[in-house]
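Undergrad: Here you go, this is my_file.cif (mmCIF, C-alpha atoms and all ligand atoms).
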data_run
#
loop_
_atom_site.label_atom_id
_atom_site.label_comp_id
_atom_site.auth_asym_id
_atom_site.auth_seq_id
_atom_site.Cartn_x
_atom_site.Cartn_y
_atom_site.Cartn_z
CA MET C 1 -23.00 27.53 -10.26
CA THR C 2 -22.03 24.57 -8.08
CA LYS C 3 -19.41 22.34 -9.69
CA LYS C 4 -19.58 18.61 -9.08
CA LEU C 5 -16.28 16.99 -8.20
CA LEU C 6 -15.66 13.24 -8.14
CA ILE C 7 -12.47 12.00 -6.46
CA LEU C 8 -11.85 8.50 -7.73
CA LEU C 9 -9.54 5.66 -6.74
CA PRO C 10 -9.59 3.07 -9.54
CA GLU C 11 -10.04 -0.58 -8.72
CA ALA C 12 -7.15 -2.43 -7.07
CA ASN C 13 -7.80 -6.17 -7.23
CA ILE C 14 -5.66 -7.43 -4.41
CA HIS C 15 -7.30 -8.03 -1.03
CA LYS C 16 -10.82 -7.58 -2.26
CA ILE C 17 -14.01 -9.59 -1.95
CA LYS C 18 -16.59 -9.00 -4.66
CA ILE C 19 -19.83 -10.96 -4.66
CA GLY C 20 -22.49 -9.37 -6.86
CA ASN C 21 -22.98 -5.87 -5.54
CA PHE C 22 -21.19 -6.67 -2.28
CA ARG C 23 -17.62 -5.37 -2.23
CA LYS C 24 -15.22 -5.33 0.67
CA SER C 25 -11.54 -4.66 0.92
CA PHE C 26 -9.34 -6.50 3.41
CA ARG C 27 -7.25 -3.40 3.53
CA GLU C 28 -7.46 -0.47 5.86
CA ALA C 29 -9.05 2.64 4.35
CA PRO C 30 -6.75 4.68 2.10
CA LEU C 31 -6.42 8.36 2.97
CA THR C 32 -5.85 9.79 -0.51
CA ALA C 33 -9.43 10.58 -1.48
CA THR C 34 -10.59 11.77 1.94
CA THR C 35 -7.54 14.03 2.26
CA LEU C 36 -8.04 15.53 -1.22
CA ALA C 37 -11.65 16.17 -0.24
CA ALA C 38 -10.51 17.96 2.92
CA LEU C 39 -8.14 20.14 0.89
CA VAL C 40 -10.93 21.57 -1.29
CA PRO C 41 -11.12 25.25 -0.28
CA GLU C 42 -14.36 25.92 1.60
CA ASP C 43 -15.06 29.16 -0.26
CA LEU C 44 -15.28 27.37 -3.60
CA ASP C 45 -18.76 26.24 -4.62
CA ILE C 46 -17.89 22.58 -5.11
CA ASP C 47 -19.97 19.51 -4.32
CA ILE C 48 -17.62 16.62 -3.46
CA SER C 49 -18.13 12.86 -3.93
CA ILE C 50 -15.53 10.18 -3.42
CA ILE C 51 -15.50 6.64 -4.82
CA ASP C 52 -13.02 3.87 -4.08
CA GLU C 53 -13.76 1.43 -6.87
CA SER C 54 -12.30 -1.46 -4.87
CA ILE C 55 -15.28 -1.27 -2.54
CA GLN C 56 -17.91 0.76 -4.43
CA LYS C 57 -19.51 0.67 -7.84
CA ILE C 58 -18.99 3.80 -9.90
CA PRO C 59 -22.38 5.45 -10.53
CA PHE C 60 -21.98 5.80 -14.29
CA ASP C 61 -25.44 7.35 -14.57
CA LYS C 62 -24.19 10.48 -12.75
CA THR C 63 -22.29 13.32 -14.38
CA TYR C 64 -19.47 15.39 -12.90
CA ASP C 65 -17.72 18.60 -13.88
CA ILE C 66 -14.31 17.57 -12.54
CA VAL C 67 -13.01 14.05 -12.01
CA ALA C 68 -9.78 13.67 -10.06
CA ILE C 69 -8.23 10.21 -10.41
CA SER C 70 -5.37 9.06 -8.18
CA ILE C 71 -3.30 6.16 -9.52
CA ILE C 72 -0.56 3.84 -8.48
CA THR C 73 1.14 1.74 -11.17
CA GLY C 74 -1.15 -1.29 -10.75
CA THR C 75 -4.31 0.82 -11.05
CA SER C 76 -3.07 3.14 -13.81
CA THR C 77 -4.54 1.21 -16.76
CA ARG C 78 -7.98 1.27 -15.18
CA GLY C 79 -7.43 4.92 -14.24
CA TYR C 80 -6.68 5.80 -17.87
CA GLU C 81 -9.82 3.96 -19.04
CA LEU C 82 -11.92 5.94 -16.58
CA ALA C 83 -10.16 9.17 -17.59
CA ASP C 84 -11.06 8.53 -21.25
CA TYR C 85 -14.64 7.76 -20.29
CA TYR C 86 -15.15 10.93 -18.26
CA ARG C 87 -13.41 13.16 -20.78
CA LYS C 88 -15.73 11.85 -23.49
CA LYS C 89 -18.63 12.76 -21.20
CA GLY C 90 -17.30 16.33 -21.03
CA ALA C 91 -15.70 16.31 -17.57
CA THR C 92 -12.35 17.92 -16.82
CA VAL C 93 -10.03 15.12 -15.76
CA ILE C 94 -7.17 15.58 -13.29
CA MET C 95 -4.67 12.82 -12.58
CA GLY C 96 -2.30 12.49 -9.65
CA GLY C 97 -0.71 9.84 -7.45
CA VAL C 98 2.58 7.96 -7.31
CA HIS C 99 2.37 6.64 -10.89
CA VAL C 100 1.89 10.16 -12.25
CA LYS C 101 5.08 11.17 -10.47
CA LEU C 102 6.86 8.19 -12.06
CA ARG C 103 5.37 8.56 -15.56
CA PRO C 104 4.16 12.17 -15.97
CA GLU C 105 4.25 12.31 -19.79
CA GLU C 106 2.22 9.12 -20.03
CA ALA C 107 -0.43 10.32 -17.55
CA ALA C 108 -0.65 13.72 -19.24
CA GLN C 109 -2.07 12.05 -22.37
CA TYR C 110 -5.16 11.05 -20.45
CA ALA C 111 -5.78 14.17 -18.38
CA ASP C 112 -6.54 17.86 -18.76
CA SER C 113 -4.12 18.48 -15.93
CA ILE C 114 -1.71 16.39 -13.87
CA VAL C 115 -0.54 16.87 -10.30
CA ILE C 116 3.03 15.82 -9.57
CA GLY C 117 4.11 15.42 -5.99
CA PHE C 118 2.27 16.54 -2.90
CA ALA C 119 -1.27 17.89 -3.15
CA GLU C 120 -1.31 20.21 -0.11
CA HIS C 121 -0.52 23.34 -2.10
CA SER C 122 -1.13 22.34 -5.69
CA TRP C 123 -4.61 20.82 -5.35
CA PRO C 124 -6.29 23.93 -3.84
CA GLU C 125 -4.41 26.10 -6.36
CA LEU C 126 -5.57 23.86 -9.21
CA LEU C 127 -9.19 24.06 -8.08
CA ARG C 128 -9.05 27.87 -7.83
CA ASP C 129 -7.58 28.03 -11.35
CA TYR C 130 -10.26 25.68 -12.63
CA MET C 131 -13.07 27.77 -11.13
CA GLN C 132 -11.62 30.83 -12.88
CA GLY C 133 -11.23 28.98 -16.20
CA GLN C 134 -7.45 29.08 -15.97
CA LEU C 135 -6.51 25.45 -15.45
CA LYS C 136 -2.84 24.72 -16.18
CA PRO C 137 -1.75 21.39 -17.71
CA LYS C 138 0.61 20.60 -14.84
CA TYR C 139 0.92 21.38 -11.14
CA GLU C 140 4.09 20.35 -9.39
CA ASN C 141 4.98 20.66 -5.75
CA LEU C 142 7.64 18.74 -3.91
CA LYS C 143 7.95 21.23 -1.06
CA LYS C 144 7.66 19.64 2.35
CA SER C 145 4.31 20.75 3.64
CA PHE C 146 2.88 17.77 5.48
CA ASP C 147 2.07 19.94 8.47
CA ILE C 148 -0.64 21.92 6.75
CA MET C 149 -2.58 18.74 6.08
CA PRO C 150 -6.18 19.00 7.32
CA SER C 151 -8.02 16.07 8.92
CA PRO C 152 -9.35 13.79 6.18
CA ARG C 153 -13.09 13.99 5.32
CA ARG C 154 -13.86 10.62 6.88
CA ASP C 155 -17.55 11.51 6.69
CA LEU C 156 -17.40 10.90 2.90
CA GLN C 157 -15.87 7.44 3.24
CA LYS C 158 -17.83 4.19 3.08
CA ASN C 159 -16.56 2.71 6.34
CA SER C 160 -18.23 -0.67 5.95
CA GLY C 161 -16.09 -1.43 2.89
CA TYR C 162 -12.82 -1.67 4.81
CA SER C 163 -11.44 -4.11 7.34
CA ILE C 164 -10.18 -1.13 9.37
CA PRO C 165 -11.80 2.18 8.38
CA ASN C 166 -10.00 4.50 10.80
CA THR C 167 -6.65 5.41 9.34
CA VAL C 168 -4.21 8.19 10.17
CA ASN C 169 -0.99 9.51 8.63
CA ALA C 170 1.94 10.43 10.86
CA THR C 171 4.82 10.25 8.41
CA ARG C 172 5.38 10.36 4.70
CA GLY C 173 8.01 8.64 2.59
CA CYS C 174 10.97 6.59 3.71
CA LYS C 175 14.70 7.00 4.15
CA GLY C 176 15.37 3.57 2.65
CA SER C 177 16.26 2.81 -0.95
CA CYS C 178 15.09 -0.73 -1.68
CA ASP C 179 15.70 -1.37 -5.35
CA PHE C 180 12.11 -2.31 -6.24
CA CYS C 181 10.31 0.36 -4.23
CA ALA C 182 8.11 2.98 -5.90
CA VAL C 183 8.35 5.17 -2.79
CA ASP C 184 12.11 5.43 -3.27
CA ALA C 185 11.74 5.97 -7.04
CA ALA C 186 9.19 8.76 -6.52
CA LYS C 187 11.74 10.60 -4.33
CA PHE C 188 9.21 11.66 -1.77
CA GLY C 189 11.86 12.13 0.89
CA TRP C 190 10.87 11.87 4.53
CA GLN C 191 8.39 14.04 6.39
CA THR C 192 6.71 13.92 9.77
CA ARG C 193 3.60 15.59 11.12
CA GLU C 194 3.44 17.48 14.40
CA ILE C 195 2.73 14.87 17.06
CA ASP C 196 0.20 17.12 18.87
CA SER C 197 -1.87 17.44 15.74
CA ILE C 198 -1.85 13.66 15.17
CA ILE C 199 -2.95 13.04 18.75
CA GLU C 200 -5.77 15.60 18.44
CA GLU C 201 -6.92 13.91 15.24
CA ILE C 202 -6.87 10.45 16.83
CA LYS C 203 -8.83 11.71 19.84
CA LYS C 204 -11.66 12.69 17.49
CA ILE C 205 -11.90 9.17 16.07
CA PRO C 206 -14.50 7.37 18.17
CA ALA C 207 -13.24 3.86 17.32
CA LYS C 208 -10.92 1.91 19.59
CA ARG C 209 -8.75 0.64 16.72
CA ILE C 210 -6.75 2.81 14.32
CA VAL C 211 -4.09 2.17 11.71
CA PHE C 212 -1.19 4.35 10.65
CA ASN C 213 -1.26 4.32 6.86
CA ASP C 214 2.44 5.16 6.51
CA VAL C 215 4.96 3.15 4.49
CA SER C 216 7.61 3.07 7.21
CA MET C 217 6.71 4.99 10.33
CA GLY C 218 9.90 4.33 12.31
CA GLU C 219 12.49 5.96 10.05
CA ASP C 220 13.32 8.57 12.70
CA MET C 221 13.51 6.82 16.06
CA VAL C 222 13.43 9.99 18.16
CA TYR C 223 10.18 10.98 16.44
CA PHE C 224 8.77 7.44 16.48
CA LYS C 225 9.35 6.98 20.20
CA ALA C 226 7.88 10.40 20.97
CA LEU C 227 4.78 9.45 18.96
CA LEU C 228 4.45 6.15 20.81
CA ARG C 229 4.79 7.92 24.18
CA ALA C 230 2.09 10.37 23.18
CA MET C 231 -0.17 7.47 22.19
CA ILE C 232 -0.05 5.83 25.62
CA PRO C 233 -2.76 7.95 27.35
CA LEU C 234 -5.15 7.46 24.41
CA LYS C 235 -5.53 3.76 25.21
CA LYS C 236 -6.18 2.94 21.55
CA LYS C 237 -5.22 -0.20 19.69
CA TRP C 238 -3.13 0.51 16.65
CA GLY C 239 -1.32 -1.12 13.74
CA GLY C 240 1.18 0.08 11.16
CA LEU C 241 4.21 -0.58 8.99
CA VAL C 242 7.75 -0.50 10.30
CA SER C 243 11.08 -1.87 9.14
CA THR C 244 13.17 -4.25 11.21
CA ARG C 245 15.48 -1.31 12.01
CA VAL C 246 13.16 -0.04 14.75
CA PHE C 247 14.02 -3.08 16.87
CA GLN C 248 17.64 -2.03 17.11
CA ASP C 249 16.47 0.45 19.76
CA PRO C 250 16.15 -1.21 23.18
CA GLU C 251 13.10 0.88 24.12
CA THR C 252 11.01 -0.10 21.11
CA LEU C 253 9.33 -3.22 22.48
CA ASP C 254 8.31 -1.56 25.72
CA LEU C 255 6.85 1.47 23.92
CA LEU C 256 5.03 -0.65 21.36
CA GLN C 257 3.35 -2.53 24.16
CA LYS C 258 2.48 0.52 26.27
CA SER C 259 1.17 2.51 23.29
CA GLY C 260 -1.35 -0.22 22.39
CA CYS C 261 0.29 -1.67 19.29
CA SER C 262 -1.68 -4.74 18.21
CA TYR C 263 -0.10 -5.53 14.85
CA LEU C 264 2.89 -4.63 12.72
CA LEU C 265 3.45 -5.19 9.03
CA ILE C 266 7.14 -5.77 8.36
CA GLY C 267 8.88 -6.47 5.05
CA PHE C 268 11.06 -9.52 5.71
CA GLU C 269 11.26 -9.89 1.90
CA SER C 270 13.77 -12.75 1.78
CA LEU C 271 15.42 -15.42 3.91
CA ASN C 272 18.63 -14.96 1.92
CA ASP C 273 21.06 -12.35 3.27
CA ILE C 274 22.68 -11.92 -0.17
CA SER C 275 19.31 -11.02 -1.72
CA LEU C 276 18.65 -8.63 1.14
CA THR C 277 21.97 -6.89 0.59
CA ASN C 278 21.49 -6.75 -3.18
CA MET C 279 18.05 -5.14 -2.86
CA ASN C 280 19.51 -2.49 -0.48
CA LYS C 281 17.75 -3.97 2.52
CA GLY C 282 20.86 -5.24 4.21
CA PHE C 283 19.56 -4.04 7.58
CA ASN C 284 17.30 -7.12 7.51
CA ARG C 285 19.20 -10.20 8.66
CA PHE C 286 17.76 -13.68 8.41
CA ASP C 287 19.11 -14.87 11.76
CA GLU C 288 17.39 -11.95 13.50
CA TYR C 289 13.92 -12.81 12.16
CA LYS C 290 13.40 -15.62 14.64
CA ILE C 291 14.32 -13.40 17.59
CA LEU C 292 12.01 -10.69 16.31
CA ILE C 293 9.09 -13.10 15.97
CA GLU C 294 9.55 -14.23 19.55
CA GLN C 295 9.90 -10.67 20.83
CA LEU C 296 6.67 -9.57 19.16
CA ARG C 297 4.86 -12.63 20.46
CA SER C 298 6.06 -11.84 23.98
CA ILE C 299 4.27 -8.47 23.84
CA ASN C 300 1.17 -9.77 22.02
CA VAL C 301 1.80 -7.92 18.79
CA ILE C 302 0.61 -9.74 15.67
CA LEU C 303 3.24 -10.01 12.97
CA MET C 304 2.25 -9.58 9.34
CA ALA C 305 5.44 -10.42 7.47
CA CYS C 306 5.90 -9.91 3.73
CA PHE C 307 8.03 -12.23 1.62
CA ILE C 308 8.98 -11.63 -2.00
CA PHE C 309 9.73 -14.31 -4.60
CA GLY C 310 11.80 -13.89 -7.74
CA PHE C 311 15.14 -12.44 -6.64
CA ASP C 312 18.14 -13.42 -8.74
CA GLU C 313 19.41 -15.64 -5.92
CA ASP C 314 16.07 -17.50 -5.69
CA THR C 315 16.01 -21.06 -6.97
CA LEU C 316 13.04 -23.43 -7.09
CA ASP C 317 13.40 -24.40 -3.44
CA VAL C 318 12.70 -20.80 -2.27
CA PHE C 319 8.94 -21.39 -2.12
CA GLU C 320 9.08 -24.48 0.09
CA ASN C 321 11.82 -23.01 2.28
CA THR C 322 9.79 -19.85 2.90
CA VAL C 323 6.60 -21.76 3.65
CA SER C 324 8.50 -24.03 6.05
CA PHE C 325 9.91 -20.99 7.85
CA VAL C 326 6.47 -19.39 8.11
CA LYS C 327 4.99 -22.59 9.48
CA GLU C 328 7.82 -23.40 11.87
CA TYR C 329 7.93 -19.95 13.42
CA LYS C 330 4.19 -19.40 13.11
CA VAL C 331 4.33 -16.02 11.43
CA ASN C 332 0.80 -14.87 12.31
CA ILE C 333 -0.23 -13.41 8.96
CA PRO C 334 2.28 -14.03 6.17
CA ARG C 335 1.92 -12.25 2.86
CA TYR C 336 3.61 -13.18 -0.40
CA ALA C 337 4.52 -10.99 -3.34
CA ILE C 338 6.28 -11.40 -6.65
CA TYR C 339 9.31 -9.18 -7.15
CA THR C 340 7.98 -6.24 -9.15
CA PRO C 341 10.27 -3.70 -10.81
CA PHE C 342 8.05 -0.62 -10.67
CA PRO C 343 8.82 2.00 -13.33
CA GLY C 344 11.53 4.42 -12.28
CA THR C 345 13.08 2.03 -9.78
CA LYS C 346 16.62 0.71 -9.79
CA SER C 347 15.37 -2.80 -10.49
CA TYR C 348 13.37 -1.60 -13.52
CA LYS C 349 16.49 0.06 -14.91
CA ARG C 350 18.61 -3.03 -14.33
CA PHE C 351 16.10 -5.44 -15.86
CA SER C 352 15.60 -3.10 -18.83
CA GLU C 353 19.34 -3.03 -19.46
CA GLN C 354 19.42 -6.82 -19.25
CA GLY C 355 16.42 -7.17 -21.59
CA ARG C 356 14.40 -8.90 -18.86
CA ILE C 357 11.32 -6.66 -18.67
CA LEU C 358 8.51 -8.68 -20.31
CA HIS C 359 6.10 -5.80 -20.96
CA ASN C 360 4.73 -2.53 -19.63
CA LYS C 361 1.15 -3.66 -19.05
CA TRP C 362 0.88 -1.73 -15.82
CA GLU C 363 -2.16 -3.61 -14.56
CA TYR C 364 0.19 -6.58 -14.04
CA TYR C 365 2.56 -4.45 -11.92
CA ASP C 366 0.72 -5.17 -8.70
CA THR C 367 3.20 -7.51 -6.93
CA GLN C 368 0.92 -10.45 -7.72
CA HIS C 369 2.00 -11.11 -11.33
CA VAL C 370 5.31 -11.87 -13.02
CA VAL C 371 6.43 -9.00 -15.27
CA PHE C 372 10.12 -9.83 -15.75
CA GLN C 373 12.26 -12.82 -16.70
CA PRO C 374 13.52 -14.47 -13.49
CA LYS C 375 17.11 -15.70 -13.40
CA ASN C 376 16.90 -19.25 -12.06
CA MET C 377 13.42 -20.33 -13.08
CA THR C 378 10.91 -19.77 -15.81
CA VAL C 379 8.14 -17.19 -15.61
CA GLU C 380 5.64 -20.03 -15.20
CA GLN C 381 7.66 -21.63 -12.40
CA LEU C 382 7.73 -18.34 -10.51
CA ASP C 383 3.99 -17.90 -10.90
CA ASP C 384 3.25 -21.53 -9.93
CA GLY C 385 5.60 -21.39 -6.94
CA PHE C 386 4.02 -18.16 -5.73
CA LYS C 387 0.51 -19.61 -5.92
CA LYS C 388 1.56 -22.86 -4.29
CA ALA C 389 3.22 -20.95 -1.44
CA TYR C 390 -0.15 -19.33 -0.71
CA LYS C 391 -1.91 -22.68 -1.00
CA ASP C 392 0.48 -24.51 1.32
CA THR C 393 0.53 -21.68 3.85
CA PHE C 394 -3.18 -21.02 4.19
CA THR C 395 -4.36 -24.57 4.89
CA ILE C 396 -6.90 -24.81 7.70
CA GLY C 397 -4.40 -26.51 10.02
CA SER C 398 -1.58 -24.08 9.39
CA SER C 399 -3.84 -21.02 9.64
CA PHE C 400 -5.22 -22.35 12.93
CA ALA C 401 -1.73 -22.94 14.34
CA ARG C 402 -0.73 -19.35 13.53
CA THR C 403 -3.96 -17.98 14.92
CA VAL C 404 -3.77 -19.64 18.34
CA THR C 405 -0.35 -18.15 18.99
CA SER C 406 -1.76 -14.63 18.84
CA GLY C 407 -3.35 -14.67 22.30
CA LYS C 408 -5.82 -11.87 22.88
CA ASN C 409 -5.45 -10.69 19.27
CA PHE C 410 -6.94 -13.98 18.11
CA SER C 411 -9.80 -12.40 16.12
CA LEU C 412 -7.49 -10.14 14.10
CA THR C 413 -5.20 -13.03 13.15
CA PHE C 414 -8.18 -15.24 12.38
CA GLY C 415 -9.63 -12.51 10.11
CA GLY C 416 -6.30 -12.05 8.33
CA ASN C 417 -5.84 -15.76 7.69
CA LEU C 418 -9.43 -16.12 6.52
CA ALA C 419 -8.99 -13.22 4.13
CA TYR C 420 -5.94 -14.84 2.55
CA ARG C 421 -7.76 -18.17 2.26
CA ILE C 422 -10.42 -16.35 0.24
CA TYR C 423 -7.75 -14.56 -1.78
CA LEU C 424 -6.09 -17.91 -2.54
CA LYS C 425 -9.25 -19.12 -4.29
CA ARG C 426 -9.19 -16.02 -6.50
CA LEU C 427 -5.54 -16.58 -7.33
CA TYR C 428 -6.20 -20.10 -8.61
CA ALA C 429 -9.35 -19.02 -10.46
CA GLU C 430 -7.65 -16.16 -12.32
CA GLN C 431 -7.19 -16.72 -16.06
CA ASN C 432 -4.29 -15.28 -18.09
CA ARG C 433 -2.09 -14.54 -15.09
CA ILE C 434 0.90 -14.25 -17.38
CA TYR C 435 0.64 -11.62 -20.10
CA LYS C 436 2.18 -12.69 -23.37
CA PRO C 437 2.75 -9.69 -25.64
S1 LIG W 1 11.90 0.24 3.60
FE1 LIG W 1 9.89 -0.08 2.60
S2 LIG W 1 9.17 1.96 2.01
FE2 LIG W 1 11.36 2.14 2.49
S3 LIG W 1 12.40 1.98 0.50
FE3 LIG W 1 12.33 -0.08 1.40
S4 LIG W 1 10.40 -1.06 0.63
FE4 LIG W 1 10.29 1.18 0.26
#
Let's see the structure in the file written out as structure tokens.
TA:
Amino acid sequence: MTKKLLILLPEANIHKIKIGNFRKSFREAPLTATTLAALVPEDLDIDISIIDESIQKIPFDKTYDIVAISIITGTSTRGYELADYYRKKGATVIMGGVHVKLRPEEAAQYADSIVIGFAEHSWPELLRDYMQGQLKPKYENLKKSFDIMPSPRRDLQKNSGYSIPNTVNATRGCKGSCDFCAVDAAKFGWQTREIDSIIEEIKKIPAKRIVFNDVSMGEDMVYFKALLRAMIPLKKKWGGLVSTRVFQDPETLDLLQKSGCSYLLIGFESLNDISLTNMNKGFNRFDEYKILIEQLRSINVILMACFIFGFDEDTLDVFENTVSFVKEYKVNIPRYAIYTPFPGTKSYKRFSEQGRILHNKWEYYDTQHVVFQPKNMTVEQLDDGFKKAYKDTFTIGSSFARTVTSGKNFSLTFGGNLAYRIYLKRLYAEQNRIYKP
């Protein structure tokens, strides 16, 4: 008998518009659910549905035999709620994702089986075991096997829900070790896909614009430059995440331009070199930011730069100083976050030892809420400063000034600034932003 499988990504609040039944995410489409769908062995009699709760309502009137829920820390509480719900309805619940890798014993309480690590081998094996009534409580695979990844089942994805629906993976993991980063804590290592197979996959995507959904695609410059060279004949427009390290190579700018790069998301994190060193991101240097901004502008690449508030060196003037920098240098699409010590990270360990972790309400661990005691300000001052930074940055005048500097990529910058103006309203409307245990 056909088994009904639901692959579910629980709701992630950030970067989302929700008006009645209308839901849209400012983000590019995630690849988790569509890739898991593609990994379902064809010979198994399984009917697959996928739901990304950030952009779709869950059809609670439908029943499923298996529900696979992928969680990151910020979505884990909601994921556990949904797991309880579906188990009560008689479904077999599987949980996987970064948070399961970081907190396997916790996740196991809510699931019939957990998947730790990469799904390429363990997910098909799990489904075969399930079909034979031999499901194991845990599947673990950390073997590097990125190359056997099939093309995601983009046909199951609701394209209209995403700002950019056509996403591709080229690399996995990161070689860095930033003290707050869940990618580092999960010890995913660094993997790359065969460039030929990426190019073949991109050729099949009819859209002009694609995004690489990788956390840091330039960790291996020989690979990165080869990928960019291979992109040139495709004449696509693309965006992705890189670290500032890629600009140490003199060929980078030229290849970014020739390969059709239209935007880059880069973690600037802080304007303070001591904070950068302390978080293990000493390869970022404040005095190089200005040069980088000008270089990207010279090749018409939009800069989305992330800044984090709440480092131990931050004092109350950090908010105004950062906003002034963003305005003066017209960072096209700035993005602010609150320092978040994800479980398993070096910063979580340090704050725990210092008694500075406020609670483990994981739904607050989304980089938009304060979950630890800052050093040089109160929790409330950090939250207020963060909100005010958004407010002062995304004024109409300031957004316009950043937009006009982006030349032919005007519409993308305009869309990004508009999205954050909408997000700002949600930030100020949100009740109980600080959880008091
Ligand atoms: S460079 Fe980015 S992905 Fe890599 S460890 Fe640092 S924050 Fe994480």
Undergrad: Can you tell me which residues surround Ile58 (chain C) at a distance of at most 10 Å, considering only C-alpha atoms, apart from same-chain residues fewer than 4 positions away, and format the answer as a ChimeraX atom specification?
TA: /C:8,10,50-54,62,82
Undergrad: Dump as CSV the rows for residues of chain C within 12 Å of ligand LIG 1 (chain W): closest atom pair and distance in Å with one decimal, all atoms listed in the file counted, ordered by chain and rising residue number.
TA:
residue,atom,partner,partner_atom,distance
C:Thr171,CA,W:LIG1,S2,11.3
C:Arg172,CA,W:LIG1,S2,9.6
C:Gly173,CA,W:LIG1,S2,6.8
C:Cys174,CA,W:LIG1,FE2,4.6
C:Lys175,CA,W:LIG1,FE2,6.1
C:Gly176,CA,W:LIG1,S3,4.0
C:Ser177,CA,W:LIG1,S3,4.2
C:Cys178,CA,W:LIG1,FE3,4.2
C:Asp179,CA,W:LIG1,S3,7.5
C:Phe180,CA,W:LIG1,S4,7.2
C:Cys181,CA,W:LIG1,FE4,4.6
C:Ala182,CA,W:LIG1,FE4,6.8
C:Val183,CA,W:LIG1,FE4,5.4
C:Asp184,CA,W:LIG1,S3,5.1
C:Ala185,CA,W:LIG1,S3,8.6
C:Ala186,CA,W:LIG1,FE4,10.2
C:Lys187,CA,W:LIG1,S3,9.9
C:Phe188,CA,W:LIG1,S2,10.4
C:Gly189,CA,W:LIG1,FE2,10.1
C:Trp190,CA,W:LIG1,FE2,10.0
C:Asn213,CA,W:LIG1,S2,11.7
C:Asp214,CA,W:LIG1,S2,8.7
C:Val215,CA,W:LIG1,S2,5.0
C:Ser216,CA,W:LIG1,S2,5.5
C:Met217,CA,W:LIG1,S2,9.2
C:Gly218,CA,W:LIG1,S1,9.8
C:Glu219,CA,W:LIG1,FE2,8.5
C:Leu241,CA,W:LIG1,FE1,8.6
C:Val242,CA,W:LIG1,S1,7.9
C:Ser243,CA,W:LIG1,S1,6.0
C:Thr244,CA,W:LIG1,S1,8.9
C:Arg245,CA,W:LIG1,S1,9.3
C:Val246,CA,W:LIG1,S1,11.2
C:Leu265,CA,W:LIG1,FE1,10.4
C:Ile266,CA,W:LIG1,FE1,8.6
C:Gly267,CA,W:LIG1,FE1,6.9
C:Phe268,CA,W:LIG1,S4,9.9
C:Glu269,CA,W:LIG1,S4,9.0
C:Leu276,CA,W:LIG1,FE3,10.6
C:Thr277,CA,W:LIG1,FE3,11.8
C:Met279,CA,W:LIG1,FE3,8.7
C:Asn280,CA,W:LIG1,FE3,7.8
C:Lys281,CA,W:LIG1,FE3,6.8
C:Gly282,CA,W:LIG1,FE3,10.4
C:Phe283,CA,W:LIG1,S1,9.6
C:Asn284,CA,W:LIG1,S1,9.9
C:Cys306,CA,W:LIG1,S4,10.4
C:Phe307,CA,W:LIG1,S4,11.5
C:Ile308,CA,W:LIG1,S4,11.0
C:Tyr339,CA,W:LIG1,S4,11.3
C:Thr340,CA,W:LIG1,S4,11.3
C:Pro341,CA,W:LIG1,S4,11.7
C:Phe342,CA,W:LIG1,FE4,11.3
C:Thr345,CA,W:LIG1,S3,10.3
C:Lys346,CA,W:LIG1,S3,11.2
Undergrad: Extract, using all atoms listed in the file, all DNA, RNA and protein residues at most 9 Å from Ala230 (chain C), discarding same-chain residues fewer than 5 positions from it, and format them as a PyMOL selection string.
TA: chain C and resi 195-196+199+225+259
Undergrad: Just give me the residues with any atom within 9 Å of (4.2, -6.7, -17.2), file coordinates, counting only C-alpha atoms, written as a PyMOL selection string.
TA: chain C and resi 340+357-365+369-372+434-436
Undergrad: If you measure from CA of Gln134 (chain C) to CA of Gly97 (chain C), what distance in Å do you get, rounded to one decimal?
TA: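 About the pair CA of Gln134 (chain C) and CA of Gly97 (chain C): they are 22.1 Å apart.
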Undergrad: Closest to Tyr139 (chain C) among C:Asp155, C:Glu120, C:Glu42, C:Asp392, using all atoms listed in the file?
TA: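 The closest residue to Tyr139 (chain C) is C:Glu120.
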Undergrad: When distances are computed from all atoms listed in the file, which of C:Lys4, C:Glu294, C:Asp384, C:Ser70 shows the smallest separation from Leu253 (chain C)?
TA: C:Glu294
Undergrad: Can you work out which one of C:Pro374, C:Pro233, C:Pro165, C:Pro334 has the shortest atom-to-atom distance to Arg27 (chain C), counting only C-alpha atoms?
TA: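 Smallest separation from Arg27 (chain C) among the options: C:Pro165.
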Undergrad: Find the residue from C:Gly90, C:Pro343, C:Gly240, C:Gly385 that sits nearest to Glu106 (chain C); use only C-alpha atoms when measuring.
TA: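 Once distances to Glu106 (chain C) are computed over only C-alpha atoms, the minimum belongs to C:Pro343.
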Undergrad: Neighbours of Asn332 (chain C) within 8 Å (all atoms listed in the file; same-chain residues fewer than 3 positions away dropped), as a list in words?
TA: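 So, after excluding close chain neighbours, the residues are Ile302, Leu303, Met304, Arg402, Thr403, Thr405, Ser406 and Thr413 of chain C.
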Undergrad: I need every residue sitting at most 9 Å from the point (-5.7, -14.5, 2.7) (coordinates as in the file, only C-alpha atoms considered), written as number ranges by chain.
TA: C: 15, 26, 333-335, 390, 394, 415-424
Undergrad: In Å, with one decimal, what is the gap from CA of Phe351 (chain C) to CA of Ser270 (chain C)?
TA: 19.2 Å
Undergrad: Near Arg87 (chain C), within 9 Å and counting all atoms listed in the file, which residues show up once chain neighbours fewer than 5 positions away are dropped, as a PyMOL selection string?
TA: chain C and resi 67+82+92-93+110-112
Undergrad: List as a VMD selection string the protein and nucleic acid residues near His99 (chain C), meaning an atom at most 8 Å away when all atoms listed in the file are counted, but skip any in the same chain fewer than 6 places from it.
TA: chain C and resid 71 to 73 76
